[in-house]
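Taking it in order: structure first as structure tokens, then the write-up.
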Amino acid sequence: MLILRNFSMIDDQSVLAIVPARGGSKGLPGKNKRPLRGKPLVAWPIGVALGAVSVDKTICTTDDPEIRDIALAYGAHAPFLRPAHLASDTATSIDAILHAVDYLAENGDHYDYVVVLEPTS
């Protein structure tokens with residue numbers, strides 16, 4: 001007999017997937033919005049996260065309203081626009097990720113694990 005269970009947590013530990021996608025790429029302008037095999041680049045890691053049975057919530061952290069709209073359309077949460085200082089050429093990915101985790105925690109949304117899925121990786 002096959003028993004199907006909801007594995008949305010890992011051993012009762014919650015998992016957050018974060019897709020960081022800033023709008024200001026200089027090497028390839030608009031890269032996170034560009035289509036790749038029929039979908040915007042940012043949609044691919046969102047789909048992976050949404051399909052992962054252990055991920056409880058998927059968010060996109062971005063400074064770009066168009067990327068936010070794409071993320072929402074593909075099923076991710078995008079509860080804020082990233083501040084400009086966290087979307088500059090000198091901003092680090094970890095700062096953007098920590099900002100997202102802190103933002104969620106300040107709003108009562110806590111996670112035990114964080115997985116980062118970058119659109120370009």
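Identifiers for the structure tokens are assigned positionally: chains receive A, B, ... in sequence, residues are indexed from 1 per chain, and ligands are indexed from 1 in the order shown.
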
List the neighbours of region 110-117 of chain A out to 10 Å using only C-alpha atoms; skip same-chain residues closer than 5 positions along the sequence, and give me the result as a PyMOL selection string. chain A and resi 9-10+12-21+42+44-46+48-49+55-60+93-94+97+101-105

Got a sec to tell me which of chain A DSSP assigns to strand (DSSP E or B), as JSON, numbers by chain? {"A": [10, 13, 15, 16, 17, 18, 19, 20, 35, 36, 39, 40, 57, 58, 59, 60, 61, 62, 77, 81, 113, 114, 115, 116]}

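We find CA of Leu36 (chain A) and CA of Arg82 (chain A) to be spaced 24.2 Å apart.
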
So which one's closest to Ser88 (chain A), A:Ser54, A:Thr120, A:Asp11, A:Asp64? Using only C-alpha atoms, please.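 Among the listed residues, the smallest separation from Ser88 (chain A) belongs to A:Asp64.
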
Excluding same-chain residues fewer than 2 positions from region 27-34 of chain A, what lies within 9 Å of it counting only C-alpha atoms, as a ChimeraX atom specification? /A:21-25,36,39-43,66-67,70,119-120
